[in-house]
>>> print(open('my_file_21.txt').read())   # compact mmCIF, C-alpha atoms
# COMPACT_ATOMS: atom_id res chain seq x y z
CA MET A 117 -21.51 -104.26 13.17
CA GLN A 118 -20.79 -102.89 16.63
CA CYS A 119 -22.60 -104.56 19.54
CA ASP A 120 -22.68 -104.25 23.30
CA ARG A 121 -21.59 -107.77 24.12
CA LEU A 122 -20.45 -110.86 22.26
CA TRP A 123 -20.02 -114.47 23.40
CA TYR A 124 -17.79 -116.67 21.26
CA ASN A 125 -16.02 -120.04 21.24
CA ALA A 126 -19.34 -121.45 22.43
CA ARG A 127 -21.66 -124.26 21.48
CA LEU A 128 -25.23 -123.17 20.92
CA MET A 129 -28.60 -124.82 21.17
CA THR A 130 -30.79 -122.24 19.47
CA LEU A 131 -34.13 -124.09 19.76
CA ALA A 132 -35.13 -122.30 16.54
CA GLU A 133 -38.10 -124.06 14.98
CA ALA A 134 -36.64 -123.79 11.49
CA SER A 135 -33.52 -125.69 12.55
CA PRO A 136 -33.30 -129.48 12.78
CA GLY A 137 -33.56 -130.96 16.27
CA LEU A 138 -32.76 -128.35 18.86
CA GLY A 139 -30.61 -126.25 16.56
CA ALA A 140 -27.19 -127.33 17.81
CA ILE A 141 -24.18 -125.33 16.59
CA GLU A 142 -20.69 -126.49 17.55
CA ASP A 143 -18.72 -123.27 16.99
CA GLY A 144 -21.16 -120.50 17.71
CA VAL A 145 -21.37 -116.80 18.44
CA ILE A 146 -24.06 -114.69 20.08
CA ALA A 147 -24.04 -110.92 19.83
CA ALA A 148 -26.36 -108.56 21.71
CA LYS A 149 -27.22 -104.87 21.44
CA GLY A 150 -29.73 -102.99 23.53
CA GLY A 151 -30.56 -106.18 25.39
CA ARG A 152 -31.60 -108.04 22.25
CA ILE A 153 -29.89 -110.66 20.13
CA VAL A 154 -28.54 -109.32 16.84
CA TYR A 155 -26.74 -112.50 15.79
CA ALA A 156 -26.84 -116.11 16.94
CA GLY A 157 -25.21 -118.68 14.74
CA PRO A 158 -21.99 -120.26 13.46
CA SER A 159 -18.91 -118.13 13.85
CA ALA A 160 -18.10 -118.75 10.19
CA ASP A 161 -21.33 -117.06 9.15
CA ALA A 162 -21.09 -114.05 11.46
CA PRO A 163 -21.54 -110.67 9.74
CA ALA A 164 -18.37 -109.03 8.52
CA GLY A 165 -16.94 -106.64 11.07
CA LEU A 166 -19.00 -108.02 13.94
CA ASP A 167 -17.44 -106.66 17.12
CA ALA A 168 -18.50 -105.62 20.60
CA GLN A 169 -17.52 -103.40 23.50
CA GLU A 170 -17.21 -106.55 25.59
CA ARG A 171 -16.09 -109.86 24.12
CA ILE A 172 -16.58 -112.92 26.29
CA ARG A 173 -14.61 -116.01 25.37
CA LEU A 174 -16.05 -119.30 26.52
CA ASP A 175 -14.34 -122.69 26.61
CA GLY A 176 -16.87 -124.62 24.57
CA GLN A 177 -19.69 -124.26 27.10
CA TRP A 178 -23.21 -124.76 25.83
CA ILE A 179 -25.47 -121.71 25.54
CA LEU A 180 -29.22 -122.28 25.70
CA PRO A 181 -32.05 -119.76 25.89
CA GLY A 182 -32.92 -118.58 29.39
CA LEU A 183 -35.11 -121.12 31.13
CA ILE A 184 -38.81 -120.36 31.54
CA ASP A 185 -40.98 -121.69 34.37
CA CYS A 186 -44.42 -121.26 32.83
CA HIS A 187 -46.61 -122.49 35.72
CA THR A 188 -45.99 -121.53 39.34
CA HIS A 189 -47.89 -120.41 42.45
CA LEU A 190 -44.83 -118.79 44.05
CA VAL A 191 -46.57 -116.06 46.06
CA TYR A 192 -48.17 -117.38 49.23
CA ALA A 193 -47.75 -117.49 53.01
CA GLY A 194 -47.27 -120.48 55.30
CA ASP A 195 -46.66 -124.09 54.33
CA ARG A 196 -48.51 -127.40 54.20
CA ALA A 197 -45.99 -129.71 55.86
CA ARG A 198 -48.71 -131.07 58.19
CA GLU A 199 -50.79 -132.15 55.21
CA PHE A 200 -47.75 -133.91 53.81
CA GLU A 201 -47.66 -135.94 57.00
CA LEU A 202 -51.37 -136.72 56.65
CA ARG A 203 -50.89 -137.98 53.10
CA LEU A 204 -48.02 -140.17 54.27
CA ALA A 205 -50.47 -141.62 56.77
CA GLY A 206 -52.93 -142.44 54.01
CA ALA A 207 -55.14 -139.38 53.47
CA THR A 208 -55.75 -138.37 49.85
CA TYR A 209 -55.42 -134.89 48.34
CA GLU A 210 -59.19 -134.85 47.79
CA GLU A 211 -59.98 -135.91 51.37
CA ILE A 212 -57.76 -133.18 52.79
CA ALA A 213 -59.33 -130.57 50.52
CA ARG A 214 -62.90 -131.58 51.38
CA ALA A 215 -62.04 -131.39 55.10
CA GLY A 216 -61.07 -127.72 54.77
CA GLY A 217 -57.36 -128.25 54.18
CA GLY A 218 -55.54 -127.99 50.90
CA ILE A 219 -55.87 -124.71 49.05
CA LEU A 220 -58.08 -123.15 51.74
CA SER A 221 -55.45 -123.63 54.44
CA THR A 222 -53.01 -121.57 52.36
CA VAL A 223 -55.77 -119.02 51.73
CA ARG A 224 -56.11 -118.46 55.48
CA GLU A 225 -52.36 -117.85 55.86
CA THR A 226 -52.11 -115.64 52.79
CA ARG A 227 -55.03 -113.43 53.77
CA ASN A 228 -53.20 -112.61 56.99
CA ALA A 229 -49.95 -111.62 55.24
CA SER A 230 -49.04 -108.14 54.10
CA GLU A 231 -47.66 -107.46 50.62
CA ALA A 232 -44.19 -106.99 52.11
CA ALA A 233 -44.46 -110.29 53.96
CA LEU A 234 -45.54 -112.08 50.78
CA VAL A 235 -42.60 -110.64 48.86
CA ALA A 236 -40.17 -111.64 51.62
CA ALA A 237 -41.55 -115.17 51.72
CA THR A 238 -41.41 -115.52 47.94
CA LEU A 239 -37.92 -114.20 47.25
CA PRO A 240 -36.07 -117.35 48.43
CA ARG A 241 -38.26 -119.48 46.19
CA LEU A 242 -37.67 -117.18 43.25
CA ASP A 243 -33.92 -117.05 43.94
CA ALA A 244 -33.75 -120.85 43.81
CA LEU A 245 -35.23 -120.77 40.31
CA LEU A 246 -32.91 -117.98 39.15
CA ALA A 247 -29.89 -119.90 40.45
CA GLU A 248 -30.71 -122.61 37.92
CA GLY A 249 -31.00 -120.25 34.97
CA VAL A 250 -34.65 -119.19 34.98
CA THR A 251 -35.09 -115.82 33.28
CA THR A 252 -38.90 -115.77 32.94
CA VAL A 253 -41.42 -117.03 35.48
CA GLU A 254 -45.21 -117.13 35.50
CA ILE A 255 -46.86 -116.55 38.89
CA LYS A 256 -50.53 -117.17 39.65
CA SER A 257 -52.72 -115.70 42.34
CA GLY A 258 -55.48 -117.88 43.79
CA TYR A 259 -54.54 -117.97 47.46
CA GLY A 260 -56.64 -114.97 48.40
CA LEU A 261 -60.03 -115.67 46.85
CA ASP A 262 -61.20 -112.24 47.94
CA ARG A 263 -60.71 -108.88 46.30
CA ASP A 264 -58.00 -107.40 48.50
CA THR A 265 -55.80 -110.48 48.91
CA GLU A 266 -55.91 -111.43 45.23
CA LEU A 267 -54.81 -107.92 44.31
CA ARG A 268 -52.13 -108.05 47.00
CA GLN A 269 -50.80 -111.34 45.62
CA LEU A 270 -50.63 -109.99 42.08
CA ARG A 271 -48.94 -106.77 43.21
CA ALA A 272 -46.41 -108.78 45.21
CA ALA A 273 -45.68 -110.89 42.14
CA LYS A 274 -45.23 -107.82 39.95
CA SER A 275 -42.91 -106.23 42.51
CA LEU A 276 -40.52 -109.20 42.28
CA ALA A 277 -39.48 -108.02 38.82
CA ARG A 278 -38.28 -104.77 40.37
CA LEU A 279 -36.17 -106.65 42.91
CA ARG A 280 -34.59 -109.29 40.68
CA PRO A 281 -33.45 -109.44 37.02
CA VAL A 282 -36.33 -111.59 35.79
CA ASP A 283 -39.44 -111.24 33.66
CA VAL A 284 -42.54 -112.02 35.74
CA ARG A 285 -45.77 -112.94 33.95
CA THR A 286 -48.84 -112.88 36.18
CA THR A 287 -52.08 -114.85 36.04
CA TYR A 288 -55.30 -114.23 37.94
CA LEU A 289 -56.53 -117.57 39.31
CA GLY A 290 -59.82 -116.58 40.88
CA LEU A 291 -61.45 -119.96 40.25
CA HIS A 292 -58.95 -121.90 42.34
CA ALA A 293 -61.28 -122.91 45.18
CA LEU A 294 -64.56 -121.71 46.61
CA PRO A 295 -63.81 -119.39 49.57
CA PRO A 296 -65.47 -120.28 52.88
CA GLU A 297 -67.58 -117.12 53.00
CA PHE A 298 -69.22 -118.21 49.72
CA ALA A 299 -69.66 -121.86 50.72
CA THR A 300 -73.43 -121.64 50.13
CA ASP A 301 -73.31 -119.02 47.36
CA ARG A 302 -71.35 -120.25 44.35
CA GLU A 303 -73.25 -117.88 42.08
CA GLY A 304 -72.26 -114.92 44.22
CA TYR A 305 -68.60 -115.86 44.03
CA LEU A 306 -68.74 -116.34 40.26
CA ASP A 307 -70.27 -112.89 39.97
CA LEU A 308 -67.43 -111.43 42.05
CA VAL A 309 -64.79 -113.10 39.87
CA CYS A 310 -66.35 -112.49 36.47
CA ARG A 311 -68.02 -109.10 36.90
CA GLU A 312 -65.60 -107.37 39.25
CA MET A 313 -62.23 -109.08 39.56
CA VAL A 314 -61.42 -109.98 35.96
CA PRO A 315 -62.14 -106.45 34.64
CA LEU A 316 -60.29 -104.95 37.61
CA VAL A 317 -57.04 -106.90 37.24
CA ALA A 318 -57.10 -106.15 33.52
CA ALA A 319 -57.68 -102.42 34.04
CA GLU A 320 -54.89 -102.20 36.62
CA GLY A 321 -52.46 -104.22 34.48
CA LEU A 322 -51.97 -106.77 37.23
CA ALA A 323 -52.36 -109.90 35.09
CA GLU A 324 -51.77 -111.02 31.54
CA SER A 325 -53.90 -114.15 31.83
CA VAL A 326 -56.84 -115.72 33.66
CA ASP A 327 -56.73 -119.32 34.89
CA ALA A 328 -59.22 -121.69 36.51
CA PHE A 329 -59.16 -125.08 38.23
CA CYS A 330 -61.65 -127.18 36.27
CA GLU A 331 -62.12 -130.28 38.39
CA ARG A 332 -64.77 -132.11 40.41
CA ILE A 333 -63.38 -130.68 43.69
CA ALA A 334 -63.15 -127.18 42.22
CA PHE A 335 -65.16 -125.66 39.34
CA SER A 336 -67.35 -127.16 36.66
CA PRO A 337 -66.90 -126.86 32.89
CA GLU A 338 -69.82 -124.41 32.77
CA GLU A 339 -68.29 -122.21 35.49
CA THR A 340 -64.93 -122.34 33.72
CA GLU A 341 -66.51 -121.25 30.44
CA ARG A 342 -68.09 -118.30 32.23
CA VAL A 343 -64.79 -116.93 33.55
CA PHE A 344 -63.21 -117.44 30.12
CA VAL A 345 -65.94 -115.31 28.53
CA ALA A 346 -65.13 -112.58 31.06
CA ALA A 347 -61.40 -112.92 30.38
CA ARG A 348 -61.87 -112.61 26.64
CA ALA A 349 -64.04 -109.51 27.10
CA ALA A 350 -61.30 -107.96 29.26
CA GLY A 351 -58.59 -108.74 26.71
CA LEU A 352 -56.82 -111.30 28.90
CA ALA A 353 -55.34 -114.60 27.72
CA ARG A 354 -56.73 -117.88 29.04
CA LYS A 355 -55.00 -120.82 30.74
CA LEU A 356 -56.49 -123.83 32.52
CA HIS A 357 -55.77 -126.41 35.22
CA ALA A 358 -57.31 -129.29 33.29
CA ASP A 359 -57.98 -133.01 33.73
CA GLN A 360 -55.64 -133.45 36.70
CA LEU A 361 -57.78 -135.75 38.85
CA SER A 362 -60.48 -136.81 36.40
CA ASP A 363 -61.56 -136.43 32.79
CA SER A 364 -63.51 -133.19 33.10
CA ALA A 365 -63.22 -132.28 29.40
CA GLY A 366 -60.81 -129.56 30.49
CA ALA A 367 -58.49 -129.91 27.51
CA ALA A 368 -61.37 -129.45 25.07
CA ILE A 369 -62.68 -126.45 27.04
CA ALA A 370 -59.24 -124.84 26.96
CA ALA A 371 -58.94 -125.42 23.22
CA ARG A 372 -62.46 -124.18 22.48
CA ASN A 373 -61.67 -120.94 24.30
CA GLY A 374 -58.33 -120.37 22.57
CA ALA A 375 -56.35 -120.95 25.75
CA LEU A 376 -52.60 -120.54 25.57
CA SER A 377 -52.18 -123.72 27.60
CA ALA A 378 -53.91 -126.52 29.42
CA ASP A 379 -51.91 -127.76 32.40
CA HIS A 380 -51.61 -131.12 34.26
CA LEU A 381 -53.70 -133.22 31.79
CA GLU A 382 -53.27 -136.63 33.40
CA TYR A 383 -56.80 -137.70 32.37
CA THR A 384 -57.04 -135.92 29.01
CA ASN A 385 -58.78 -138.01 26.36
CA GLU A 386 -57.97 -138.30 22.67
CA ALA A 387 -60.64 -135.81 21.62
CA GLY A 388 -59.18 -133.25 24.02
CA ALA A 389 -55.68 -133.78 22.67
CA SER A 390 -56.92 -133.40 19.11
CA ALA A 391 -58.74 -130.18 20.00
CA MET A 392 -55.60 -128.78 21.62
CA ALA A 393 -53.57 -129.54 18.51
CA THR A 394 -56.09 -127.75 16.29
CA ALA A 395 -56.23 -124.72 18.59
CA GLY A 396 -52.46 -124.54 19.17
CA THR A 397 -52.97 -124.91 22.92
CA VAL A 398 -49.78 -126.01 24.69
CA ALA A 399 -49.81 -129.00 27.05
CA VAL A 400 -47.98 -127.93 30.21
CA LEU A 401 -46.79 -131.04 32.05
CA LEU A 402 -46.28 -130.78 35.80
CA PRO A 403 -44.39 -133.86 36.99
CA GLY A 404 -43.69 -132.37 40.42
CA ALA A 405 -47.36 -132.57 41.39
CA PHE A 406 -47.68 -136.05 39.85
CA TYR A 407 -44.73 -137.23 41.92
CA PHE A 408 -45.63 -135.45 45.15
CA LEU A 409 -49.24 -136.64 45.15
CA ARG A 410 -48.12 -140.15 44.19
CA GLU A 411 -50.44 -140.23 41.19
CA THR A 412 -50.41 -143.28 38.94
CA LYS A 413 -52.01 -142.10 35.70
CA ALA A 414 -49.52 -140.15 33.60
CA PRO A 415 -50.51 -137.60 30.95
CA PRO A 416 -51.07 -139.12 27.48
CA VAL A 417 -47.70 -138.04 26.10
CA ALA A 418 -47.81 -140.49 23.17
CA THR A 419 -51.20 -139.06 22.16
CA PHE A 420 -49.87 -135.51 22.36
CA ARG A 421 -46.97 -136.53 20.13
CA ARG A 422 -49.28 -138.19 17.63
CA PHE A 423 -51.44 -135.10 17.28
CA GLY A 424 -48.51 -132.68 17.38
CA VAL A 425 -49.48 -130.93 20.61
CA PRO A 426 -46.58 -128.76 21.87
CA MET A 427 -45.44 -129.83 25.35
CA ALA A 428 -43.94 -127.57 28.01
CA VAL A 429 -42.56 -128.56 31.42
CA ALA A 430 -42.92 -126.47 34.59
CA THR A 431 -42.44 -126.81 38.35
CA ASP A 432 -46.02 -125.97 39.47
CA SER A 433 -44.22 -124.62 42.53
CA ASN A 434 -46.83 -124.40 45.28
CA PRO A 435 -47.11 -125.26 48.99
CA GLY A 436 -49.50 -128.19 48.76
CA SER A 437 -48.96 -130.43 45.76
CA SER A 438 -45.57 -129.45 44.32
CA PRO A 439 -43.19 -127.65 46.73
CA LEU A 440 -40.58 -127.71 43.99
CA THR A 441 -38.23 -124.85 43.11
CA SER A 442 -35.98 -126.66 40.63
CA LEU A 443 -36.75 -126.60 36.92
CA LEU A 444 -33.79 -128.92 36.35
CA LEU A 445 -35.39 -131.52 38.61
CA ALA A 446 -38.73 -130.97 36.87
CA MET A 447 -37.07 -131.97 33.60
CA ASN A 448 -35.65 -135.13 35.15
CA LEU A 449 -39.05 -136.03 36.56
CA ALA A 450 -40.70 -135.39 33.18
CA ALA A 451 -38.21 -137.73 31.54
CA THR A 452 -38.33 -140.50 34.14
CA LEU A 453 -42.04 -140.40 35.02
CA PHE A 454 -43.61 -139.26 31.73
CA ARG A 455 -40.95 -140.61 29.34
CA LEU A 456 -40.24 -137.32 27.63
CA THR A 457 -37.07 -137.30 25.55
CA VAL A 458 -34.14 -135.04 26.40
CA ASP A 459 -35.01 -132.85 23.42
CA GLU A 460 -38.63 -132.57 24.55
CA CYS A 461 -37.54 -131.59 28.07
CA LEU A 462 -35.13 -128.91 26.89
CA ALA A 463 -37.66 -127.48 24.44
CA GLY A 464 -40.28 -127.73 27.17
CA VAL A 465 -38.51 -125.29 29.49
CA THR A 466 -37.52 -122.86 26.73
CA ARG A 467 -39.36 -122.63 23.40
CA GLU A 468 -42.59 -124.40 24.38
CA ALA A 469 -42.74 -122.68 27.76
CA ALA A 470 -42.53 -119.35 25.94
CA ARG A 471 -45.32 -120.50 23.64
CA ALA A 472 -47.43 -121.44 26.69
CA LEU A 473 -47.12 -117.84 27.92
CA GLY A 474 -47.77 -116.27 24.54
CA ILE A 475 -44.31 -114.68 24.38
CA LEU A 476 -42.50 -116.88 21.86
CA ASP A 477 -41.99 -113.79 19.70
CA GLN A 478 -39.82 -112.34 22.50
CA VAL A 479 -37.99 -115.22 24.21
CA GLY A 480 -37.56 -118.99 24.18
CA THR A 481 -35.09 -119.35 21.32
CA LEU A 482 -31.74 -117.85 20.34
CA GLU A 483 -32.72 -115.77 17.33
CA PRO A 484 -32.12 -112.16 16.23
CA GLY A 485 -34.68 -109.71 17.53
CA LYS A 486 -35.47 -111.63 20.70
CA TRP A 487 -34.38 -110.64 24.18
CA CYS A 488 -30.86 -111.79 24.98
CA ASP A 489 -31.83 -114.16 27.79
CA LEU A 490 -29.19 -116.89 27.97
CA THR A 491 -28.06 -119.75 30.15
CA ILE A 492 -24.45 -120.90 29.85
CA TRP A 493 -23.68 -124.41 31.10
CA ASN A 494 -20.58 -126.31 32.18
CA VAL A 495 -21.66 -129.57 30.58
CA GLU A 496 -20.25 -131.69 27.79
CA ARG A 497 -23.68 -132.83 26.60
CA PRO A 498 -26.98 -130.98 27.05
CA ALA A 499 -28.50 -134.30 28.14
CA GLU A 500 -26.69 -133.80 31.45
CA LEU A 501 -29.20 -131.07 32.30
CA VAL A 502 -31.96 -133.69 32.28
CA TYR A 503 -29.99 -136.74 33.41
CA ARG A 504 -28.42 -135.51 36.63
CA ILE A 505 -30.27 -135.09 39.92
CA GLY A 506 -29.29 -132.42 42.45
CA PHE A 507 -26.67 -131.04 40.06
CA ASN A 508 -26.52 -127.42 38.96
CA PRO A 509 -23.82 -126.85 36.33
CA LEU A 510 -24.86 -123.28 35.53
CA HIS A 511 -21.83 -121.26 34.41
CA SER A 512 -23.69 -117.97 34.09
CA ARG A 513 -27.13 -116.52 33.55
CA VAL A 514 -27.75 -113.59 31.21
CA TRP A 515 -30.93 -111.52 31.31
CA ARG A 516 -31.60 -108.84 28.73
CA GLY A 517 -27.98 -109.00 27.63
CA GLN A 518 -26.56 -108.42 31.12
>>> encode(input="my_file_21.txt", output="structure tokens")
Amino acid sequence: MQCDRLWYNARLMTLAEASPGLGAIEDGVIAAKGGRIVYAGPSADAPAGLDAQERIRLDGQWILPGLIDCHTHLVYAGDRAREFELRLAGATYEEIARAGGGILSTVRETRNASEAALVAATLPRLDALLAEGVTTVEIKSGYGLDRDTELRQLRAAKSLARLRPVDVRTTYLGLHALPPEFATDREGYLDLVCREMVPLVAAEGLAESVDAFCERIAFSPEETERVFVAARAAGLARKLHADQLSDSAGAAIAARNGALSADHLEYTNEAGASAMATAGTVAVLLPGAFYFLRETKAPPVATFRRFGVPMAVATDSNPGSSPLTSLLLAMNLAATLFRLTVDECLAGVTREAARALGILDQVGTLEPGKWCDLTIWNVERPAELVYRIGFNPLHSRVWRGQ
């Protein structure tokens, strides 16, 4: 079998679900052709005559799937450093939001930015993620809250994939906050989102998913259900910011609507966790926001384990509640603050993150037929990727076999 490229003398962590644990292989080989994996396994079991135009010998480094950041708000203008100072002085996230700060302050900045300016502002944030081995990133809109700016955000996000070797998955987050011009007309804004924007972003191919912020300071369960009905009619997947600040039944709503994921989940109850398990909805844990907002109620990780809910980990990179551009640090925070195991963290930024985006058939594990997205690490034990803080031992990053 002739391939394009072959990595050998490596240790693999395949993350394949059929393998025990994380699928560790001590003496492994990965072969790629046409950007896809054709073999990933023990060298002793490699197909007879396996060879490649380029053979890359490693020195026992660990190869993992490319990392996936499955929840970000990377595209925006401005910053919220002043609000950080206010919180240090005692103001709460809710108080700042109700006073016209929070999401709406970023909306004002983003509406005034051109597409080129948004791309330029986002590239350094994206590059920080890529430098740590991220090969797939989800990016949400939600900082425009009007037709033109939301489309501009999504187009800027899509354009990043033409500027960098990365797969960008986009999500329309129309129900992020109520824009000021609709302050006394919630129904009018819901009509704009559900009747115009959701069909439009679907028709123009600008988003794969629709998201909403279901919370007492944002949108109600009934309003969330309405946008999900529109998303389903437009053929778009559903995701949800759920139960972050209160038990708003968000997890159950996400499950009932077949959502790929429910994210945050600090206040999710047992019934919600059970519903997610039945529906196959992934719990996306966002420890950066938990840490940055100094929250005290952690997601019910033990309950998720008991019901068998898959758990992903993401940065939630955004200007207000999680200005984090390190997926490695997100893993450490998930372990220290939420008590995830090393295995759960590593699966959470690869296999389960892919599941949360609905692309597990393409990426997230090292298996034949999937894209050859790899991260190669100068570590003796994969636990170092979770244990260390401010340490980036990336040896090389491979996207689509290159």
>>> closest_atom_pairs(input="my_file_21.txt", of="region 130-233 of chain A", to="region 427-447 of chain A", cutoff="7 Å", atoms="only C-alpha atoms", output="CSV")
residue,atom,partner,partner_atom,distance
A:Asp185,CA,A:Ala430,CA,5.2
A:Cys186,CA,A:Ala430,CA,5.7
A:His187,CA,A:Asp432,CA,5.1
A:Thr188,CA,A:Asp432,CA,4.4
A:His189,CA,A:Asn434,CA,5.0
A:Leu190,CA,A:Ser433,CA,6.1
A:Asp195,CA,A:Pro435,CA,5.5
A:Arg196,CA,A:Gly436,CA,5.6
A:Gly218,CA,A:Gly436,CA,6.4
>>> atom_distance(input="my_file_21.txt", atom1="CA of Ala414 (chain A)", atom2="CA of Ala368 (chain A)")
18.1 Å
>>> residues_around(input="my_file_21.txt", residues="Met129 (chain A)", least_positions_apart="6", cutoff="9 Å", atoms="all atoms listed in the file", output="ChimeraX atom specification")
/A:138-142,178-181,481-482,498
>>> residues_around(input="my_file_21.txt", residues="Gly480 (chain A)", least_positions_apart="6", cutoff="9 Å", atoms="all atoms listed in the file", output="short mmCIF file (atom, residue, chain, number, x, y, z; two decimals) with C-alpha atoms, in the frame of the given file")
data_model
loop_
_atom_site.label_atom_id
_atom_site.label_comp_id
_atom_site.auth_asym_id
_atom_site.auth_seq_id
_atom_site.Cartn_x
_atom_site.Cartn_y
_atom_site.Cartn_z
CA THR A 130 -30.79 -122.24 19.47
CA LEU A 131 -34.13 -124.09 19.76
CA ALA A 132 -35.13 -122.30 16.54
CA PRO A 181 -32.05 -119.76 25.89
CA GLY A 182 -32.92 -118.58 29.39
CA LEU A 183 -35.11 -121.12 31.13
CA ILE A 184 -38.81 -120.36 31.54
CA ALA A 463 -37.66 -127.48 24.44
CA VAL A 465 -38.51 -125.29 29.49
CA THR A 466 -37.52 -122.86 26.73
CA ARG A 467 -39.36 -122.63 23.40
CA GLU A 468 -42.59 -124.40 24.38
CA ALA A 469 -42.74 -122.68 27.76
CA ALA A 470 -42.53 -119.35 25.94
CA ARG A 471 -45.32 -120.50 23.64
CA LYS A 486 -35.47 -111.63 20.70
CA TRP A 487 -34.38 -110.64 24.18
CA ASP A 489 -31.83 -114.16 27.79
#
>>> residues_near_point(input="my_file_21.txt", point="(-44.7, -107.5, 49.7)", cutoff="8 Å", atoms="only C-alpha atoms", output="NGL selection string")
:A and (230-236 or 268 or 271-272 or 275)
>>> write_last_selection(input="my_file_21.txt", atoms="C-alpha atoms", output="PDB file, in the coordinates of the input")
ATOM      1  CA  SER A 230     -49.040-108.140  54.100  1.00  0.00           C
ATOM      2  CA  GLU A 231     -47.660-107.460  50.620  1.00  0.00           C
ATOM      3  CA  ALA A 232     -44.190-106.990  52.110  1.00  0.00           C
ATOM      4  CA  ALA A 233     -44.460-110.290  53.960  1.00  0.00           C
ATOM      5  CA  LEU A 234     -45.540-112.080  50.780  1.00  0.00           C
ATOM      6  CA  VAL A 235     -42.600-110.640  48.860  1.00  0.00           C
ATOM      7  CA  ALA A 236     -40.170-111.640  51.620  1.00  0.00           C
ATOM      8  CA  ARG A 268     -52.130-108.050  47.000  1.00  0.00           C
ATOM      9  CA  ARG A 271     -48.940-106.770  43.210  1.00  0.00           C
ATOM     10  CA  ALA A 272     -46.410-108.780  45.210  1.00  0.00           C
ATOM     11  CA  SER A 275     -42.910-106.230  42.510  1.00  0.00           C
TER      12      SER A 275
END
>>> atom_distance(input="my_file_21.txt", atom1="CA of Asp327 (chain A)", atom2="CA of Thr457 (chain A)")
28.2 Å
>>> closest_residue(input="my_file_21.txt", among="A:Gln118, A:Thr397, A:Gln360, A:Thr222", to="Pro426 (chain A)", atoms="only C-alpha atoms")
A:Thr397
>>> closest_residue(input="my_file_21.txt", among="A:Arg455, A:Arg280, A:Lys274, A:Arg173", to="Val502 (chain A)", atoms="all atoms listed in the file")
A:Arg455
>>> build_atoms(input="my_file_21.txt", residues="region 278-282 of chain A", atoms="all heavy atoms", output="PDB file, in the coordinates of the input")
ATOM      1  N   ARG A 278     -39.053-105.977  40.042  1.00  0.00           N
ATOM      2  CA  ARG A 278     -38.280-104.770  40.370  1.00  0.00           C
ATOM      3  C   ARG A 278     -37.145-105.093  41.329  1.00  0.00           C
ATOM      4  O   ARG A 278     -36.252-104.260  41.530  1.00  0.00           O
ATOM      5  CB  ARG A 278     -39.197-103.707  40.966  1.00  0.00           C
ATOM      6  CG  ARG A 278     -40.276-103.206  40.011  1.00  0.00           C
ATOM      7  CD  ARG A 278     -40.999-101.995  40.559  1.00  0.00           C
ATOM      8  NE  ARG A 278     -41.839-102.309  41.695  1.00  0.00           N
ATOM      9  CZ  ARG A 278     -43.118-102.706  41.602  1.00  0.00           C
ATOM     10  NH1 ARG A 278     -43.677-102.861  40.410  1.00  0.00           N
ATOM     11  NH2 ARG A 278     -43.824-102.959  42.693  1.00  0.00           N
ATOM     12  N   LEU A 279     -37.181-106.266  41.943  1.00  0.00           N
ATOM     13  CA  LEU A 279     -36.170-106.650  42.910  1.00  0.00           C
ATOM     14  C   LEU A 279     -35.141-107.626  42.358  1.00  0.00           C
ATOM     15  O   LEU A 279     -34.067-107.794  42.937  1.00  0.00           O
ATOM     16  CB  LEU A 279     -36.855-107.282  44.138  1.00  0.00           C
ATOM     17  CG  LEU A 279     -37.828-106.383  44.895  1.00  0.00           C
ATOM     18  CD1 LEU A 279     -38.572-107.177  45.954  1.00  0.00           C
ATOM     19  CD2 LEU A 279     -37.086-105.211  45.535  1.00  0.00           C
ATOM     20  N   ARG A 280     -35.484-108.297  41.273  1.00  0.00           N
ATOM     21  CA  ARG A 280     -34.590-109.290  40.680  1.00  0.00           C
ATOM     22  C   ARG A 280     -34.596-109.141  39.160  1.00  0.00           C
ATOM     23  O   ARG A 280     -35.598-108.710  38.577  1.00  0.00           O
ATOM     24  CB  ARG A 280     -35.042-110.715  41.029  1.00  0.00           C
ATOM     25  CG  ARG A 280     -34.975-111.076  42.506  1.00  0.00           C
ATOM     26  CD  ARG A 280     -33.541-111.160  42.992  1.00  0.00           C
ATOM     27  NE  ARG A 280     -33.476-111.668  44.366  1.00  0.00           N
ATOM     28  CZ  ARG A 280     -33.519-110.925  45.464  1.00  0.00           C
ATOM     29  NH1 ARG A 280     -33.670-109.597  45.360  1.00  0.00           N
ATOM     30  NH2 ARG A 280     -33.429-111.473  46.667  1.00  0.00           N
ATOM     31  N   PRO A 281     -33.504-109.507  38.483  1.00  0.00           N
ATOM     32  CA  PRO A 281     -33.450-109.440  37.020  1.00  0.00           C
ATOM     33  C   PRO A 281     -34.195-110.627  36.411  1.00  0.00           C
ATOM     34  O   PRO A 281     -33.605-111.649  36.051  1.00  0.00           O
ATOM     35  CB  PRO A 281     -31.949-109.488  36.725  1.00  0.00           C
ATOM     36  CG  PRO A 281     -31.372-110.278  37.867  1.00  0.00           C
ATOM     37  CD  PRO A 281     -32.197-109.930  39.063  1.00  0.00           C
ATOM     38  N   VAL A 282     -35.498-110.512  36.293  1.00  0.00           N
ATOM     39  CA  VAL A 282     -36.330-111.590  35.790  1.00  0.00           C
ATOM     40  C   VAL A 282     -37.612-110.993  35.223  1.00  0.00           C
ATOM     41  O   VAL A 282     -38.083-109.948  35.677  1.00  0.00           O
ATOM     42  CB  VAL A 282     -36.656-112.614  36.909  1.00  0.00           C
ATOM     43  CG1 VAL A 282     -37.474-111.965  38.023  1.00  0.00           C
ATOM     44  CG2 VAL A 282     -37.354-113.843  36.369  1.00  0.00           C
TER      45      VAL A 282
END
